[in-house]
Amino acid sequence: MARTGAGGSRVKSARRPEVRLPALEAYAGGEVEPDGDYDGVEFAGTDLTGQDGAGARFMDCALTGCALDGTRLPHARLLDSVLTGIRGVGTNLADATLRDVEIVDARLGGTQVHGAVLERVLVRGGKIDCLNLRQARLRDVVFEGCVLVEPDFAGARLERVEFVDCALRSADFTAATLTDVDLRGATELDIAGGLDRLSGAVISAPQLLDLAPVLAAELGIRVEG
């Protein structure tokens, strides 16, 4: 499916995840383990603060109201799972894989997702501060009704990514590659870096006017009178 952008151009829409969880088994407790395998498990209100699940696989899982402060999940795989009301500072998901995942009403800060692969991911509601997506690959990702403060997309590859009713504050797209990225639905669009990398994105006419002073400064244009 594609939508028409400015000038009649076609923008390919992101494919959203369709997660249908099976009957889940309650988490037995204890700490998650590096390279652990969690299939059809429900983590309800689980405190995972400071735990190390590097390389673990979460398949058909639900994480609801979990604390993820300093939780280490680098190289983890989150597949066909739903994360609702998760919260934490310094969660490490570097080089992780998120495929067919819904993240709902998250409250996160300083989350490390650099080098990760996100495919068919929906981030709906909540607020995420200082999201590090450097060098990550995002395909078919939707940010909807959420607030992203200082998200870092430097060096990332974004394909079919949509921002819907989403506030984007001080975003950095330095050295990023954008293809079919739809920014028209962003309620706030504040770009701190990488304006020259927006050639694969579509914005609205009002957003262009809002960005005009920054674009002029980027191009060295003096605006007087």
# chains A, B, ... in the order shown; residues from 1 in each chain; ligands from 1
$ closest_atom_pairs --of "stretch 143-196 of chain A" --to "stretch 115-137 of chain A" --cutoff "6 Å" --atoms "only C-alpha atoms" --output "Markdown table"
| residue | atom | partner | partner_atom | distance |
| --- | --- | --- | --- | --- |
| A:Phe143 | CA | A:Val123 | CA | 4.8 |
| A:Glu144 | CA | A:Arg124 | CA | 4.7 |
| A:Gly145 | CA | A:Gly125 | CA | 4.8 |
| A:Cys146 | CA | A:Gly125 | CA | 4.2 |
| A:Val147 | CA | A:Lys127 | CA | 4.6 |
| A:Leu148 | CA | A:Ile128 | CA | 5.2 |
| A:Val149 | CA | A:Asp129 | CA | 4.7 |
| A:Glu150 | CA | A:Cys130 | CA | 4.9 |
| A:Pro151 | CA | A:Leu131 | CA | 4.6 |
| A:Asp152 | CA | A:Asn132 | CA | 5.0 |
| A:Phe153 | CA | A:Leu133 | CA | 5.0 |
| A:Ala154 | CA | A:Arg134 | CA | 4.8 |
| A:Gly155 | CA | A:Gln135 | CA | 4.6 |
| A:Ala156 | CA | A:Gln135 | CA | 4.1 |
| A:Arg157 | CA | A:Arg137 | CA | 4.8 |
$ select_by_dssp --residues "stretch 49-204 of chain A" --states "helix (DSSP H, G or I)" --output "ChimeraX atom specification"
/A:195-200
$ select_by_dssp --residues "stretch 75-125 of chain A" --states "strand (DSSP E)" --output "PyMOL selection string"
chain A and resi 77-84+87-89+97-109+117-125
$ atom_distance --atom1 "atom CA of A:Arg77" --atom2 "atom CA of A:Phe43"
15.8 Å
$ residues_around --residues "A:Glu224" --least-positions-apart "3" --cutoff "12 Å" --atoms "only C-alpha atoms" --output "PyMOL selection string"
chain A and resi 213+216+221
$ closest_residue --among "A:Ile103, A:Ala192, A:Met59, A:Leu21" --to "A:Asp172" --atoms "only C-alpha atoms"
A:Ala192
$ residues_around --residues "stretch 178-184 of chain A" --least-positions-apart "2" --cutoff "7 Å" --atoms "only C-alpha atoms" --output "MDAnalysis selection string"
chainID A and resid 11:12 157:163 176 186 198 200:204
$ write_last_selection --atoms "C-alpha atoms" --output "short mmCIF file (atom, residue, chain, number, x, y, z; two decimals), in the first residue's frame"
data_model
loop_
_atom_site.label_atom_id
_atom_site.label_comp_id
_atom_site.auth_asym_id
_atom_site.auth_seq_id
_atom_site.Cartn_x
_atom_site.Cartn_y
_atom_site.Cartn_z
CA VAL A 11 5.15 6.88 -0.33
CA LYS A 12 5.17 3.20 0.55
CA ARG A 157 18.90 3.00 7.63
CA LEU A 158 15.17 3.75 7.71
CA GLU A 159 12.82 2.18 5.17
CA ARG A 160 9.05 2.51 5.30
CA VAL A 161 9.06 4.29 8.67
CA GLU A 162 6.09 6.40 9.78
CA PHE A 163 5.63 8.98 12.52
CA ALA A 176 21.26 8.33 8.02
CA ALA A 186 4.49 14.24 13.37
CA LEU A 198 15.98 13.93 4.40
CA GLY A 200 14.05 10.02 1.19
CA ALA A 201 11.44 11.52 3.51
CA VAL A 202 8.16 13.31 2.93
CA ILE A 203 6.99 16.25 5.03
CA SER A 204 3.95 18.50 4.90
#
$ residues_around --residues "A:Leu93" --least-positions-apart "2" --cutoff "9 Å" --atoms "only C-alpha atoms" --output "PyMOL selection string"
chain A and resi 54+71-76+91+95-97+111-116
$ residues_around --residues "stretch 26-28 of chain A" --least-positions-apart "3" --cutoff "9 Å" --atoms "only C-alpha atoms" --output "tab-separated table (two decimals) with N, CA and C atoms, in the first residue's frame"
chain	number	residue	atom	x	y	z
A	40	GLY	N	6.49	-18.26	24.70
A	40	GLY	CA	5.14	-18.23	25.24
A	40	GLY	C	5.09	-17.91	26.72
A	41	VAL	N	5.93	-16.99	27.15
A	41	VAL	CA	6.04	-16.66	28.58
A	41	VAL	C	5.46	-15.26	28.83
A	42	GLU	N	4.76	-15.11	29.93
A	42	GLU	CA	4.24	-13.80	30.35
A	42	GLU	C	5.04	-13.27	31.53
A	43	PHE	N	5.66	-12.13	31.33
A	43	PHE	CA	6.38	-11.44	32.40
A	43	PHE	C	5.46	-10.31	32.86
A	44	ALA	N	4.81	-10.49	33.99
A	44	ALA	CA	3.84	-9.52	34.48
A	44	ALA	C	4.39	-8.81	35.71
A	46	THR	N	7.34	-7.92	36.32
A	46	THR	CA	8.62	-8.51	36.70
A	46	THR	C	9.71	-7.44	36.78
